[in-house]
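Colleague: Hey, dropping final.txt in here, compact mmCIF, N, CA and C atoms:
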```
# COMPACT_ATOMS: atom_id res chain seq x y z
N LYS A 14 15.44 -6.88 -3.83
CA LYS A 14 15.18 -5.51 -4.21
C LYS A 14 14.13 -4.93 -3.25
N VAL A 15 14.38 -3.73 -2.78
CA VAL A 15 13.44 -3.05 -1.89
C VAL A 15 12.95 -1.78 -2.58
N ILE A 16 11.64 -1.61 -2.59
CA ILE A 16 11.04 -0.40 -3.15
C ILE A 16 10.25 0.27 -2.03
N ALA A 17 10.57 1.51 -1.73
CA ALA A 17 9.84 2.27 -0.71
C ALA A 17 8.95 3.28 -1.42
N LEU A 18 7.67 3.16 -1.21
CA LEU A 18 6.69 4.00 -1.89
C LEU A 18 6.16 5.07 -0.94
N ASP A 19 6.25 6.33 -1.34
CA ASP A 19 5.61 7.42 -0.60
C ASP A 19 4.19 7.57 -1.12
N LEU A 20 3.22 7.26 -0.29
CA LEU A 20 1.83 7.40 -0.70
C LEU A 20 1.43 8.87 -0.72
N ARG A 21 0.35 9.15 -1.41
CA ARG A 21 -0.13 10.54 -1.48
C ARG A 21 -0.31 11.10 -0.07
N GLY A 22 0.24 12.30 0.12
CA GLY A 22 0.10 12.97 1.40
C GLY A 22 1.16 12.58 2.43
N ALA A 23 2.13 11.75 2.05
CA ALA A 23 3.17 11.32 2.99
C ALA A 23 4.55 11.42 2.33
N GLY A 24 5.57 11.49 3.17
CA GLY A 24 6.94 11.52 2.65
C GLY A 24 7.17 12.68 1.70
N GLU A 25 7.73 12.38 0.54
CA GLU A 25 8.05 13.42 -0.44
C GLU A 25 6.94 13.63 -1.47
N SER A 26 5.80 12.98 -1.27
CA SER A 26 4.69 13.18 -2.20
C SER A 26 3.94 14.47 -1.86
N SER A 27 3.15 14.91 -2.79
CA SER A 27 2.36 16.11 -2.53
C SER A 27 1.07 15.74 -1.79
N TYR A 28 0.52 16.69 -1.07
CA TYR A 28 -0.73 16.47 -0.34
C TYR A 28 -1.88 16.40 -1.34
N ASN A 29 -2.81 15.51 -1.07
CA ASN A 29 -3.97 15.38 -1.94
C ASN A 29 -5.20 15.24 -1.06
N GLU A 30 -6.06 16.23 -1.09
CA GLU A 30 -7.24 16.21 -0.22
C GLU A 30 -8.34 15.30 -0.74
N ASN A 31 -8.14 14.65 -1.89
CA ASN A 31 -9.16 13.76 -2.45
C ASN A 31 -9.11 12.36 -1.86
N ILE A 32 -8.18 12.08 -0.99
CA ILE A 32 -8.09 10.77 -0.36
C ILE A 32 -9.15 10.68 0.72
N GLU A 33 -10.01 9.67 0.61
CA GLU A 33 -11.11 9.54 1.57
C GLU A 33 -11.02 8.28 2.41
N SER A 34 -10.25 7.29 1.97
CA SER A 34 -10.22 6.03 2.71
C SER A 34 -8.96 5.23 2.37
N PHE A 35 -8.77 4.15 3.13
CA PHE A 35 -7.66 3.24 2.83
C PHE A 35 -7.78 2.69 1.41
N LYS A 36 -9.00 2.55 0.91
CA LYS A 36 -9.20 2.05 -0.45
C LYS A 36 -8.50 2.94 -1.48
N ASP A 37 -8.51 4.25 -1.26
CA ASP A 37 -7.85 5.16 -2.20
C ASP A 37 -6.35 4.91 -2.23
N TRP A 38 -5.73 4.79 -1.06
CA TRP A 38 -4.29 4.52 -1.00
C TRP A 38 -3.99 3.12 -1.54
N ALA A 39 -4.84 2.14 -1.22
CA ALA A 39 -4.64 0.78 -1.72
C ALA A 39 -4.69 0.76 -3.24
N ASN A 40 -5.57 1.54 -3.82
CA ASN A 40 -5.64 1.62 -5.27
C ASN A 40 -4.38 2.26 -5.85
N ASP A 41 -3.81 3.24 -5.14
CA ASP A 41 -2.54 3.83 -5.58
C ASP A 41 -1.44 2.77 -5.63
N ILE A 42 -1.42 1.89 -4.64
CA ILE A 42 -0.43 0.81 -4.63
C ILE A 42 -0.65 -0.11 -5.82
N LYS A 43 -1.90 -0.44 -6.11
CA LYS A 43 -2.20 -1.29 -7.27
C LYS A 43 -1.71 -0.65 -8.56
N ILE A 44 -1.99 0.63 -8.74
CA ILE A 44 -1.54 1.34 -9.95
C ILE A 44 -0.02 1.29 -10.04
N PHE A 45 0.66 1.54 -8.92
CA PHE A 45 2.12 1.49 -8.88
C PHE A 45 2.63 0.10 -9.28
N CYS A 46 2.04 -0.94 -8.71
CA CYS A 46 2.44 -2.32 -9.02
C CYS A 46 2.19 -2.66 -10.49
N ASP A 47 1.07 -2.20 -11.01
CA ASP A 47 0.77 -2.45 -12.42
C ASP A 47 1.78 -1.76 -13.33
N GLU A 48 2.14 -0.52 -13.00
CA GLU A 48 3.11 0.22 -13.82
C GLU A 48 4.46 -0.48 -13.86
N LEU A 49 4.88 -1.05 -12.72
CA LEU A 49 6.18 -1.73 -12.65
C LEU A 49 6.07 -3.23 -12.87
N GLU A 50 4.86 -3.72 -13.14
CA GLU A 50 4.59 -5.14 -13.35
C GLU A 50 5.09 -5.98 -12.17
N LEU A 51 4.77 -5.54 -10.97
CA LEU A 51 5.18 -6.24 -9.75
C LEU A 51 4.13 -7.26 -9.33
N ARG A 52 4.58 -8.49 -9.07
CA ARG A 52 3.72 -9.56 -8.56
C ARG A 52 4.57 -10.45 -7.67
N ASP A 53 3.91 -11.22 -6.83
CA ASP A 53 4.56 -12.21 -5.96
C ASP A 53 5.62 -11.59 -5.07
N PHE A 54 5.31 -10.46 -4.47
CA PHE A 54 6.26 -9.76 -3.61
C PHE A 54 5.79 -9.82 -2.16
N THR A 55 6.68 -9.42 -1.27
CA THR A 55 6.34 -9.25 0.14
C THR A 55 6.08 -7.77 0.37
N ILE A 56 4.96 -7.46 0.99
CA ILE A 56 4.61 -6.06 1.24
C ILE A 56 4.62 -5.82 2.74
N LEU A 57 5.20 -4.70 3.14
CA LEU A 57 5.31 -4.35 4.55
C LEU A 57 4.59 -3.04 4.80
N GLY A 58 3.80 -3.00 5.85
CA GLY A 58 3.12 -1.77 6.23
C GLY A 58 3.41 -1.43 7.67
N TRP A 59 3.80 -0.20 7.88
CA TRP A 59 4.14 0.28 9.22
C TRP A 59 3.09 1.31 9.64
N SER A 60 2.63 1.22 10.87
CA SER A 60 1.65 2.14 11.43
C SER A 60 0.39 2.15 10.55
N MET A 61 -0.04 3.32 10.10
CA MET A 61 -1.24 3.40 9.27
C MET A 61 -1.06 2.63 7.97
N GLY A 62 0.17 2.51 7.51
CA GLY A 62 0.45 1.75 6.30
C GLY A 62 0.02 0.29 6.41
N GLY A 63 0.00 -0.23 7.64
CA GLY A 63 -0.48 -1.59 7.84
C GLY A 63 -1.94 -1.73 7.48
N GLY A 64 -2.75 -0.76 7.86
CA GLY A 64 -4.17 -0.77 7.48
C GLY A 64 -4.34 -0.65 5.99
N ILE A 65 -3.49 0.16 5.38
CA ILE A 65 -3.57 0.37 3.93
C ILE A 65 -3.21 -0.91 3.18
N ILE A 66 -2.13 -1.58 3.61
CA ILE A 66 -1.76 -2.80 2.87
C ILE A 66 -2.75 -3.93 3.14
N GLN A 67 -3.39 -3.93 4.31
CA GLN A 67 -4.45 -4.93 4.52
C GLN A 67 -5.56 -4.73 3.49
N GLN A 68 -5.94 -3.49 3.26
CA GLN A 68 -6.96 -3.20 2.26
C GLN A 68 -6.47 -3.60 0.87
N PHE A 69 -5.21 -3.30 0.57
CA PHE A 69 -4.63 -3.66 -0.73
C PHE A 69 -4.69 -5.17 -0.96
N VAL A 70 -4.30 -5.95 0.05
CA VAL A 70 -4.29 -7.41 -0.10
C VAL A 70 -5.70 -7.97 -0.23
N VAL A 71 -6.65 -7.41 0.51
CA VAL A 71 -8.05 -7.85 0.38
C VAL A 71 -8.57 -7.56 -1.02
N ASP A 72 -8.27 -6.37 -1.53
CA ASP A 72 -8.76 -5.97 -2.85
C ASP A 72 -8.01 -6.64 -4.00
N ASN A 73 -6.75 -7.04 -3.76
CA ASN A 73 -5.89 -7.57 -4.82
C ASN A 73 -5.13 -8.80 -4.33
N PRO A 74 -5.83 -9.89 -4.05
CA PRO A 74 -5.19 -11.05 -3.42
C PRO A 74 -4.12 -11.74 -4.26
N SER A 75 -4.08 -11.50 -5.54
CA SER A 75 -3.09 -12.18 -6.39
C SER A 75 -1.77 -11.43 -6.50
N TYR A 76 -1.64 -10.28 -5.88
CA TYR A 76 -0.43 -9.47 -6.03
C TYR A 76 0.68 -9.87 -5.05
N ALA A 77 0.44 -9.77 -3.77
CA ALA A 77 1.47 -10.02 -2.76
C ALA A 77 1.43 -11.47 -2.30
N LYS A 78 2.61 -12.06 -2.11
CA LYS A 78 2.65 -13.43 -1.59
C LYS A 78 2.76 -13.44 -0.07
N LYS A 79 3.30 -12.35 0.50
CA LYS A 79 3.41 -12.23 1.96
C LYS A 79 3.11 -10.80 2.37
N MET A 80 2.55 -10.66 3.58
CA MET A 80 2.26 -9.34 4.13
C MET A 80 2.86 -9.27 5.53
N ILE A 81 3.59 -8.19 5.80
CA ILE A 81 4.18 -7.97 7.11
C ILE A 81 3.57 -6.70 7.69
N LEU A 82 2.99 -6.83 8.88
CA LEU A 82 2.43 -5.68 9.58
C LEU A 82 3.36 -5.33 10.73
N PHE A 83 3.78 -4.09 10.78
CA PHE A 83 4.74 -3.65 11.79
C PHE A 83 4.14 -2.48 12.56
N ASN A 84 3.93 -2.67 13.87
CA ASN A 84 3.38 -1.61 14.72
C ASN A 84 2.17 -0.96 14.05
N SER A 85 1.27 -1.82 13.63
CA SER A 85 0.17 -1.39 12.77
C SER A 85 -1.13 -1.19 13.54
N ILE A 86 -2.06 -0.59 12.83
CA ILE A 86 -3.41 -0.40 13.36
C ILE A 86 -4.33 -1.43 12.73
N PRO A 87 -5.34 -1.91 13.45
CA PRO A 87 -6.31 -2.81 12.82
C PRO A 87 -7.24 -2.02 11.92
N GLN A 88 -7.75 -2.68 10.92
CA GLN A 88 -8.69 -2.00 10.03
C GLN A 88 -10.09 -2.42 10.38
```
Would you mind writing the structure in this file as structure tokens?

Modeller:
Amino acid sequence: KVIALDLRGAGESSYNENIESFKDWANDIKIFCDELELRDFTILGWSMGGGIIQQFVVDNPSYAKKMILFNSIPQ
């Protein structure tokens, strides 16, 4: 199963000027995972998304079992 998440301010989501850091987006991913009860998944981040998922994995080490960074930026 593949789930593609549009983070705030990207894709089909609405713009939100309250986002200040990767931690804000990483917390959005955590909320999303909690709502769907997702655990032990592989998470992929492309470009800036790579920095965001790195923050997510650091903040929530028990959620993802694998992390894939694709054409990403270092955090």

Colleague: Which residues, written as JSON, numbers by chain, have at least one atom at most 6 Å from stretch 58-74 of chain A, with all atoms listed in the file counted and residues fewer than 4 positions away on the same chain left out?

Modeller: {"A": [35, 39, 81, 82, 83, 84, 85, 86, 87, 88]}

Colleague: Just asking: which residues within stretch 23-65 of chain A are helix (DSSP H, G or I) according to DSSP, as a PyMOL selection string?

Modeller: chain A and resi 35-49+61-65

Colleague: I'd like the neighbourhood of stretch 46-49 of chain A as a ChimeraX atom specification, where a residue qualifies if any of its atoms comes within 9 Å (using only C-alpha atoms), though same-chain residues fewer than 4 positions away should be ignored.

Modeller: /A:41-42,76

Colleague: Would you export the selected residues with N, CA and C atoms as a PDB file, in the coordinates of the input, please?

Modeller:
```
ATOM      1  N   ASP A  41      -3.810   3.240  -5.140  1.00  0.00           N
ATOM      2  CA  ASP A  41      -2.540   3.830  -5.580  1.00  0.00           C
ATOM      3  C   ASP A  41      -1.440   2.770  -5.630  1.00  0.00           C
ATOM      4  N   ILE A  42      -1.420   1.890  -4.640  1.00  0.00           N
ATOM      5  CA  ILE A  42      -0.430   0.810  -4.630  1.00  0.00           C
ATOM      6  C   ILE A  42      -0.650  -0.110  -5.820  1.00  0.00           C
ATOM      7  N   TYR A  76      -1.640 -10.280  -5.880  1.00  0.00           N
ATOM      8  CA  TYR A  76      -0.430  -9.470  -6.030  1.00  0.00           C
ATOM      9  C   TYR A  76       0.680  -9.870  -5.050  1.00  0.00           C
TER      10      TYR A  76
END
```

Colleague: As an MDAnalysis selection string, please: the residues near A:Phe54 (cut-off 7 Å, only C-alpha atoms, same-chain neighbours under 4 positions excluded).

Modeller: chainID A and resid 77:79

Colleague: Between atom CA of A:Arg21 and atom CA of A:Ser75, what distance in Å does the model show, to one decimal?

Modeller: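 Separation of atom CA of A:Arg21 and atom CA of A:Ser75: 23.4 Å.
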
Colleague: For atom CA of A:Ala17 and atom C of A:Leu57, determine how far apart the two atoms are, in Å to one decimal place.

Modeller: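 Calculated distance between atom CA of A:Ala17 and atom C of A:Leu57 is 9.3 Å.
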
Colleague: Would you work out the distance separating atom CA of A:Ile16 from atom N of A:Ile44, expressed in Å to one decimal?

Modeller: 14.2 Å

Colleague: Where does DSSP see strand (DSSP E) in chain A, if you list the residues as a list in words?

Modeller: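 Checking each residue of chain A, the strand (DSSP E) ones are Phe54, Thr55, Ile56, Leu57, Gly58, Trp59, Ala77, Lys78, Lys79, Met80, Ile81, Leu82 and Phe83 of chain A.
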